[in-house]
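The structure appears right after this line, and notes come after that.
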Amino acid sequence: LAAVRSDQPLITLTTDFGINDNYVGIIKGIILHLNPKARIIDISHSVPPFDIGAGRYLLETSYRDFPSGTIHLAIIDPGVGTKRKAILLETPEFFFIGPDNGLLSFLPGKQIRRVFSVSSEKYFLREISSTFHGRDIFAPVAAYLSMGVSPAEFGPEMRSINRPRYRRYEKVGGRWTGRIIYIDRFGNLVTSFKGEDLPDRAFHIYIGDRDIGGLRRTFGSVRHGNAVGYINSFGYLEIAVNRGSAAELFGFDRRKPPKILIAPVHGGY
Amino acid sequence: LAAVRSDQPLITLTTDFGINDNYVGIIKGIILHLNPKARIIDISHSVPPFDIGAGRYLLETSYRDFPSGTIHLAIIDPGVGTKRKAILLETPEFFFIGPDNGLLSFLPGKQIRRVFSVSSEKYFLREISSTFHGRDIFAPVAAYLSMGVSPAEFGPEMRSINRPRYRRYEKVGGRWTGRIIYIDRFGNLVTSFKGEDLPDRAFHIYIGDRDIGGLRRTFGSVRHGNAVGYINSFGYLEIAVNRGSAAELFGFDRRKPPKILIAPVHGGY
Amino acid sequence: LAAVRSDQPLITLTTDFGINDNYVGIIKGIILHLNPKARIIDISHSVPPFDIGAGRYLLETSYRDFPSGTIHLAIIDPGVGTKRKAILLETPEFFFIGPDNGLLSFLPGKQIRRVFSVSSEKYFLREISSTFHGRDIFAPVAAYLSMGVSPAEFGPEMRSINRPRYRRYEKVGGRWTGRIIYIDRFGNLVTSFKGEDLPDRAFHIYIGDRDIGGLRRTFGSVRHGNAVGYINSFGYLEIAVNRGSAAELFGFDRRKPPKILIAPVHGGY
């Protein structure tokens, strides 16, 4: 991809702006103002405010389902108005635009072809506010990119992106310790474990100190009201309650989330 | 309709996925991936989880307002991963796709031209998860249908669809007993009675044992804060509080919903 | 503008319908039924029920960001079914459609070229309900306007619109007293003061009787958890808590909202 070439370029949005206010509508207005041919699809605007990890999960698990050439614009940006950079990232199939705060760090280095620091003011709105770069910088940059402006036009190339130290789990004394990275609409708890992280031997899953048994195929594998762990449709270990809410059952508190443990059933620990 | 022919085929979505997560965005991504010309309109994604009756109400009261040829995709699917069938239904004006669990049973048999069991795997995504058929089956099937694939291609024709025993009301001892089928954003209580079900003689409406008087023309017919029953803009008997919330006033509890009674004013019961 | 001429006319929606129900989907269905080429963008559907002031704020701060020729349809309509008028308003750049209840009164008279009373029933749906003019009147009128019907076709020209007495603030005894007009997703409190209303001399901002200090540049100017006043990206004085919620910190109660005071620091009051 040197530039976007489609007749109806697609731009997706992933933000923590919510849908109550007019922030999302404004971003769409700016994009369509500059490029009336653009099509805009919402991935989510309900990322918990400032929760970079949740935004990363939602984008990581959906970006591949869009057509080749899609521009993914992601704005969870607690550092807006500070010196954090805005970046434009190019892979063989997609473009990504967002703040350089780890939101896009799910992309492995080998998948990234080029990264640019978005800094060329000629593609920004004339006046830049301190609080709404979504409108003033990100929306027009996405629009101009969708009109065929070459990525290199937006600013100097960078050697690497900001990759916060991030481990899916730690292994200590024969157990694997992970955490909850996302809670969905059904109260399902998505953990930081991927299917490939789990041991070959039989194991049990613990939420804090509560044993919910071994891995199952789906939430329908247990009775109504019972907790169950399974690999969700995105490849992550997820904990659900059949026809209920795991977040409710386990009294999930966002400020003090329980650890997730994986321990072999006949372990020597 | 033998197949969809429009240049910009329209697909509507009615689901219980909520809009916080990326499920809806993914479905749109898959559809546009396969058919970039499709246009997608949300009817609602906030059907209460697994509430087939609420989903049926929302679709029944809106599908006719869309252009002829529209494909209505509806996914409230507590049985995902079990043996329930997916169906594609054809009426003279529209297509409907969804699980065969009663969600589409508002369509009278005489309106249905053909029904097909959606089972031809060549129109599914290559890997089928146990929990997200919206992405893996329903989205691609809707996309291929919108591209002109003939309905009969998706699987064998069926003789009938699943119609859960469903009565709008029962008449016992001179009273009609119905129930609440939907609560809207304003706290209005939609009942199972249609205008045509109501008696010709004067009657009062009761929520549980609370008499809210006779039928009025609209919620503006009573004072602020007062309860009122009227035929809503979809033909159903609805109970509202003028500039207030009937759900709040009557302390509605979803697990123990009150019955709705209709009783003649000078009845002999 | 004599009429809309675009190939893909844009219609925005600002309502208090919420997104749980099918009201918004139905409006889109009607518009696309009549004009399949229309594009529809949501500004917000989560205006608090019947809150005309909040709707006015959301539309006032976003309408200019859309392309010239855009039709802005706004429906916050507590008087639906009464004698309030529906209006179609034309400015040099945009069209506005909505009830004549103050919702559009942010437009200064000199910006308005013409106003029409929407009353020509040939552009309405055949049957008009008492409760859902969004579907029966506003949606088809917006659709026909987007198809090139001349504004004057929809009804007689009016001399003026309804402008509720509305002051951004009052000045009494050396202090300026304003109020909270909107609360956003982050719990930020938007006040009725615009930047241009504020005094040149040093001043402090008070929420009720709590002093939150002078004006800052952005919410990042104070420590996490501290309150701060700044001019938001729309030009209004806004009160926020850095990485927190001002609505929570100040225990905001919609029925008894605190006054906002501006008082000079070395004042003689």
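Labeling convention for the structure tokens: chains A, B, ... as they appear, residues from 1 per chain, ligands from 1 in order of appearance.
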Counting only C-alpha atoms, what are the residues of chain C within 9 Å of chain A, and for each of them which pair of atoms is the nearest and at what distance in Å, to one decimal? Sort the table by chain and rising number, as a Markdown table.
| residue | atom | partner | partner_atom | distance |
| --- | --- | --- | --- | --- |
| C:Gln8 | CA | A:Pro36 | CA | 8.2 |
| C:Thr12 | CA | A:Gly25 | CA | 8.5 |
| C:Thr14 | CA | A:Asn22 | CA | 9.0 |
| C:Gly18 | CA | A:Asn20 | CA | 8.8 |
| C:Ile41 | CA | A:Gly25 | CA | 6.9 |
| C:Asp42 | CA | A:Gly25 | CA | 5.9 |
| C:Ile43 | CA | A:Gly25 | CA | 4.4 |
| C:Ser44 | CA | A:Asn22 | CA | 5.7 |
| C:His45 | CA | A:Asn20 | CA | 6.9 |
| C:Ser46 | CA | A:Asn20 | CA | 4.8 |
| C:Val47 | CA | A:Asn20 | CA | 7.0 |
| C:Leu58 | CA | A:Asn22 | CA | 5.9 |
| C:Leu59 | CA | A:Asn22 | CA | 7.9 |
| C:Thr61 | CA | A:Asn22 | CA | 8.1 |
| C:Ser62 | CA | A:Ile26 | CA | 5.7 |
| C:Tyr63 | CA | A:Ile26 | CA | 8.0 |
| C:Arg64 | CA | A:Gly29 | CA | 8.6 |
| C:Asp65 | CA | A:Gly29 | CA | 5.3 |
| C:Phe66 | CA | A:Gly29 | CA | 4.3 |
| C:Pro67 | CA | A:His33 | CA | 4.4 |
| C:Ser68 | CA | A:His33 | CA | 7.9 |
| C:Ile183 | CA | A:Asp21 | CA | 8.7 |
| C:Asp184 | CA | A:Asp21 | CA | 6.0 |
| C:Arg185 | CA | A:Gly18 | CA | 6.1 |
| C:Phe186 | CA | A:Pro49 | CA | 7.3 |
| C:Arg217 | CA | A:Ser130 | CA | 7.6 |
| C:Thr218 | CA | A:Ser130 | CA | 6.3 |
| C:Phe219 | CA | A:Thr131 | CA | 8.0 |
| C:Gly220 | CA | A:Gly81 | CA | 7.5 |
| C:Asn232 | CA | A:Thr131 | CA | 7.2 |
| C:Ser233 | CA | A:Ser129 | CA | 5.6 |
| C:Phe234 | CA | A:Ser129 | CA | 8.9 |
| C:Arg243 | CA | A:Pro78 | CA | 7.9 |
Show which residues sit within 9 Å of Pro258 (chain C), as an mmCIF file with all heavy atoms, in the first residue's frame. Count only C-alpha atoms, and ignore same-chain residues fewer than 5 positions away.
data_model
loop_
_atom_site.group_PDB
_atom_site.id
_atom_site.type_symbol
_atom_site.label_atom_id
_atom_site.label_comp_id
_atom_site.auth_asym_id
_atom_site.auth_seq_id
_atom_site.Cartn_x
_atom_site.Cartn_y
_atom_site.Cartn_z
ATOM 1 N N ARG C 179 -25.150 28.851 34.781
ATOM 2 C CA ARG C 179 -25.628 27.527 35.193
ATOM 3 C C ARG C 179 -25.000 26.427 34.347
ATOM 4 O O ARG C 179 -24.276 26.695 33.387
ATOM 5 C CB ARG C 179 -27.146 27.476 35.106
ATOM 6 C CG ARG C 179 -27.673 27.673 33.735
ATOM 7 C CD ARG C 179 -29.172 27.948 33.736
ATOM 8 N NE ARG C 179 -29.617 27.820 32.354
ATOM 9 C CZ ARG C 179 -29.282 28.678 31.382
ATOM 10 N NH1 ARG C 179 -28.534 29.734 31.632
ATOM 11 N NH2 ARG C 179 -29.673 28.476 30.151
ATOM 12 N N ILE C 180 -25.292 25.207 34.718
ATOM 13 C CA ILE C 180 -24.775 24.055 33.978
ATOM 14 C C ILE C 180 -25.769 23.712 32.884
ATOM 15 O O ILE C 180 -26.951 23.546 33.150
ATOM 16 C CB ILE C 180 -24.575 22.857 34.928
ATOM 17 C CG1 ILE C 180 -23.460 23.188 35.923
ATOM 18 C CG2 ILE C 180 -24.246 21.599 34.151
ATOM 19 C CD1 ILE C 180 -23.381 22.251 37.104
ATOM 20 N N ILE C 207 -18.599 26.555 42.056
ATOM 21 C CA ILE C 207 -19.741 25.662 41.817
ATOM 22 C C ILE C 207 -20.542 25.685 43.096
ATOM 23 O O ILE C 207 -20.097 25.164 44.118
ATOM 24 C CB ILE C 207 -19.290 24.231 41.525
ATOM 25 C CG1 ILE C 207 -18.334 24.245 40.344
ATOM 26 C CG2 ILE C 207 -20.486 23.328 41.251
ATOM 27 C CD1 ILE C 207 -17.862 22.878 39.962
ATOM 28 N N GLY C 208 -21.723 26.290 43.062
ATOM 29 C CA GLY C 208 -22.418 26.568 44.317
ATOM 30 C C GLY C 208 -21.488 27.426 45.158
ATOM 31 O O GLY C 208 -21.069 28.504 44.724
ATOM 32 N N ASP C 209 -21.080 26.974 46.338
ATOM 33 C CA ASP C 209 -20.176 27.800 47.152
ATOM 34 C C ASP C 209 -18.759 27.252 47.190
ATOM 35 O O ASP C 209 -17.959 27.663 48.019
ATOM 36 C CB ASP C 209 -20.753 27.968 48.569
ATOM 37 C CG ASP C 209 -21.107 26.622 49.178
ATOM 38 O OD1 ASP C 209 -20.786 25.581 48.552
ATOM 39 O OD2 ASP C 209 -21.692 26.605 50.267
ATOM 40 N N PHE C 252 -23.590 16.020 41.481
ATOM 41 C CA PHE C 252 -24.560 16.726 40.664
ATOM 42 C C PHE C 252 -25.938 16.073 40.701
ATOM 43 O O PHE C 252 -26.081 14.873 40.476
ATOM 44 C CB PHE C 252 -24.079 16.797 39.207
ATOM 45 C CG PHE C 252 -25.027 17.546 38.336
ATOM 46 C CD1 PHE C 252 -25.024 18.925 38.330
ATOM 47 C CD2 PHE C 252 -25.946 16.876 37.543
ATOM 48 C CE1 PHE C 252 -25.913 19.627 37.530
ATOM 49 C CE2 PHE C 252 -26.828 17.573 36.745
ATOM 50 C CZ PHE C 252 -26.818 18.947 36.742
ATOM 51 N N ASP C 253 -26.963 16.872 40.954
ATOM 52 C CA ASP C 253 -28.349 16.407 40.976
ATOM 53 C C ASP C 253 -29.127 17.194 39.923
ATOM 54 O O ASP C 253 -29.284 18.407 40.032
ATOM 55 C CB ASP C 253 -28.933 16.645 42.370
ATOM 56 C CG ASP C 253 -30.414 16.283 42.441
ATOM 57 O OD1 ASP C 253 -31.008 15.917 41.402
ATOM 58 O OD2 ASP C 253 -30.968 16.375 43.540
#
Members of region 66-221 of chain C assigned strand (DSSP E or B) by DSSP, as number ranges by chain = C: 71-75, 86-90, 95-99, 114-117, 157-158, 170-172, 175-178, 180-183, 189-194, 203-207, 210-211, 215-216
Tyr123 (chain C): which residues within 9 Å, counting only C-alpha atoms, same-chain residues fewer than 4 positions away excluded, as a ChimeraX atom specification?
-> /C:119,137,140-141,144,154
Could you pull the residues within 9 Å of Ser221 (chain B), counting only C-alpha atoms, minus those fewer than 5 positions along the same chain, as an MDAnalysis selection string?
-> chainID B and resid 216 228 242
Sort by chain and increasing residue number a table of all residues of region 118-176 of chain A within 9 Å of region 193-203 of chain A, each with its closest pair of atoms and their distance in Å to one decimal, counting only C-alpha atoms, and write it as a Markdown table.
| residue | atom | partner | partner_atom | distance |
| --- | --- | --- | --- | --- |
| A:Arg168 | CA | A:Phe193 | CA | 5.9 |
| A:Tyr169 | CA | A:Phe193 | CA | 6.7 |
| A:Trp176 | CA | A:Leu198 | CA | 8.6 |
Take CA of Arg223 (chain B) and CA of Ala240 (chain B) and report the distance between them in Å, one decimal.
-> 11.6 Å
Counting only C-alpha atoms, which of B:Gly174, B:Pro99, B:Gly55, B:Gly69 gets nearest to Lys83 (chain B)?
-> B:Pro99
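Computed from the coordinates, the CA of Ala152 (chain B) to CA of Leu89 (chain B) distance equals 10.3 Å.
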Pairwise distance for CA of Ser245 (chain A) and CA of Gly225 (chain A), rounded to one decimal in Å =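 About the pair CA of Ser245 (chain A) and CA of Gly225 (chain A): they are 8.3 Å apart.
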As a PyMOL selection string, which residues of region 1-178 of chain B does DSSP assign to alpha helix (DSSP H)?
-> chain B and resi 23-34+52-60+133+139-146
Restrict the selected residues to N, CA, C and O atoms and save them as a short mmCIF file (atom, residue, chain, number, x, y, z; two decimals), in the first residue's frame.
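The resulting file, selection06.cif, is shown below:
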data_model
loop_
_atom_site.label_atom_id
_atom_site.label_comp_id
_atom_site.auth_asym_id
_atom_site.auth_seq_id
_atom_site.Cartn_x
_atom_site.Cartn_y
_atom_site.Cartn_z
N TYR B 23 -18.64 -6.41 18.74
CA TYR B 23 -19.38 -7.43 17.99
C TYR B 23 -20.09 -6.84 16.77
O TYR B 23 -20.07 -7.41 15.68
N VAL B 24 -20.75 -5.72 16.96
CA VAL B 24 -21.50 -5.12 15.85
C VAL B 24 -20.54 -4.60 14.77
O VAL B 24 -20.77 -4.80 13.58
N GLY B 25 -19.47 -3.97 15.20
CA GLY B 25 -18.47 -3.47 14.24
C GLY B 25 -17.91 -4.61 13.40
O GLY B 25 -17.70 -4.47 12.19
N ILE B 26 -17.67 -5.73 14.03
CA ILE B 26 -17.12 -6.89 13.33
C ILE B 26 -18.10 -7.40 12.28
O ILE B 26 -17.72 -7.72 11.14
N ILE B 27 -19.37 -7.49 12.64
CA ILE B 27 -20.38 -7.94 11.67
C ILE B 27 -20.41 -7.00 10.46
O ILE B 27 -20.48 -7.44 9.31
N LYS B 28 -20.33 -5.71 10.73
CA LYS B 28 -20.30 -4.75 9.61
C LYS B 28 -19.03 -4.92 8.78
O LYS B 28 -19.05 -4.83 7.55
N GLY B 29 -17.91 -5.16 9.45
CA GLY B 29 -16.65 -5.37 8.74
C GLY B 29 -16.73 -6.56 7.80
O GLY B 29 -16.33 -6.48 6.62
N ILE B 30 -17.28 -7.67 8.30
CA ILE B 30 -17.40 -8.89 7.47
C ILE B 30 -18.31 -8.62 6.27
O ILE B 30 -18.01 -9.00 5.13
N ILE B 31 -19.44 -7.97 6.51
CA ILE B 31 -20.37 -7.69 5.41
C ILE B 31 -19.70 -6.83 4.34
O ILE B 31 -19.76 -7.11 3.14
N LEU B 32 -19.02 -5.75 4.78
CA LEU B 32 -18.39 -4.85 3.81
C LEU B 32 -17.17 -5.48 3.15
O LEU B 32 -16.82 -5.12 2.02
N HIS B 33 -16.53 -6.38 3.86
CA HIS B 33 -15.42 -7.12 3.28
C HIS B 33 -15.90 -7.89 2.05
O HIS B 33 -15.27 -7.88 0.99
N LEU B 34 -17.06 -8.56 2.19
CA LEU B 34 -17.59 -9.38 1.10
C LEU B 34 -18.33 -8.54 0.08
O LEU B 34 -18.26 -8.78 -1.12
N ILE B 52 -35.98 -12.80 23.33
CA ILE B 52 -36.51 -13.01 21.98
C ILE B 52 -37.78 -12.20 21.75
O ILE B 52 -37.99 -11.62 20.68
N GLY B 53 -38.64 -12.08 22.76
CA GLY B 53 -39.89 -11.33 22.63
C GLY B 53 -39.65 -9.86 22.35
O GLY B 53 -40.34 -9.24 21.53
N ALA B 54 -38.68 -9.27 23.03
CA ALA B 54 -38.37 -7.86 22.80
C ALA B 54 -37.81 -7.65 21.40
O ALA B 54 -38.18 -6.69 20.70
N GLY B 55 -36.94 -8.54 20.97
CA GLY B 55 -36.39 -8.43 19.62
C GLY B 55 -37.48 -8.55 18.57
O GLY B 55 -37.50 -7.80 17.59
N ARG B 56 -38.40 -9.50 18.79
CA ARG B 56 -39.52 -9.68 17.85
C ARG B 56 -40.35 -8.41 17.76
O ARG B 56 -40.74 -7.98 16.67
N TYR B 57 -40.63 -7.79 18.92
CA TYR B 57 -41.41 -6.55 18.93
C TYR B 57 -40.71 -5.45 18.13
O TYR B 57 -41.33 -4.76 17.31
N LEU B 58 -39.42 -5.28 18.35
CA LEU B 58 -38.69 -4.20 17.68
C LEU B 58 -38.65 -4.40 16.16
O LEU B 58 -38.77 -3.45 15.40
N LEU B 59 -38.49 -5.63 15.74
CA LEU B 59 -38.42 -5.88 14.30
C LEU B 59 -39.80 -5.83 13.67
O LEU B 59 -39.99 -5.24 12.59
N GLU B 60 -40.79 -6.41 14.35
CA GLU B 60 -42.17 -6.40 13.83
C GLU B 60 -42.66 -4.98 13.58
O GLU B 60 -43.39 -4.73 12.62
N HIS B 133 -21.76 -16.88 16.02
CA HIS B 133 -22.28 -17.16 14.68
C HIS B 133 -22.67 -15.89 13.94
O HIS B 133 -22.79 -15.90 12.73
N ALA B 139 -23.41 -12.95 9.28
CA ALA B 139 -22.88 -11.81 8.51
C ALA B 139 -22.52 -12.23 7.07
O ALA B 139 -22.96 -11.59 6.12
N PRO B 140 -21.76 -13.29 6.88
CA PRO B 140 -21.44 -13.64 5.49
C PRO B 140 -22.66 -14.06 4.69
O PRO B 140 -22.77 -13.73 3.50
N VAL B 141 -23.62 -14.75 5.31
CA VAL B 141 -24.83 -15.14 4.57
C VAL B 141 -25.59 -13.89 4.11
O VAL B 141 -26.02 -13.80 2.96
N ALA B 142 -25.74 -12.91 5.01
CA ALA B 142 -26.41 -11.66 4.61
C ALA B 142 -25.65 -10.98 3.49
O ALA B 142 -26.24 -10.45 2.54
N ALA B 143 -24.32 -10.98 3.58
CA ALA B 143 -23.52 -10.33 2.55
C ALA B 143 -23.69 -11.02 1.20
O ALA B 143 -23.91 -10.36 0.18
N TYR B 144 -23.61 -12.35 1.18
CA TYR B 144 -23.76 -13.06 -0.10
C TYR B 144 -25.16 -12.87 -0.67
O TYR B 144 -25.34 -12.69 -1.86
N LEU B 145 -26.17 -12.89 0.20
CA LEU B 145 -27.53 -12.65 -0.28
C LEU B 145 -27.62 -11.26 -0.92
O LEU B 145 -28.23 -11.07 -1.98
N SER B 146 -26.96 -10.28 -0.29
CA SER B 146 -27.01 -8.91 -0.81
C SER B 146 -26.25 -8.78 -2.14
O SER B 146 -26.42 -7.81 -2.86
#
Restricting the calculation to only C-alpha atoms, which member of C:Gly134, C:Gly109, C:Pro156, C:Gly187 is positioned closest to Gly251 (chain C)?
->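 Ranked by minimum distance to Gly251 (chain C), first place goes to C:Gly187.
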Give the answer as one residue: which of B:Ala247, B:Ala227, B:Ile112, B:Ala38 has the shortest atom-to-atom distance to Pro92 (chain B), using only C-alpha atoms?
->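 So, comparing all the options, the nearest one is B:Ile112.
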Find the residues near Gly102 (chain C): any atom within 6 Å, counting only C-alpha atoms, skip ones fewer than 2 places away on the same chain, and give them as a ChimeraX atom specification.
-> /C:100,104-105,162-164
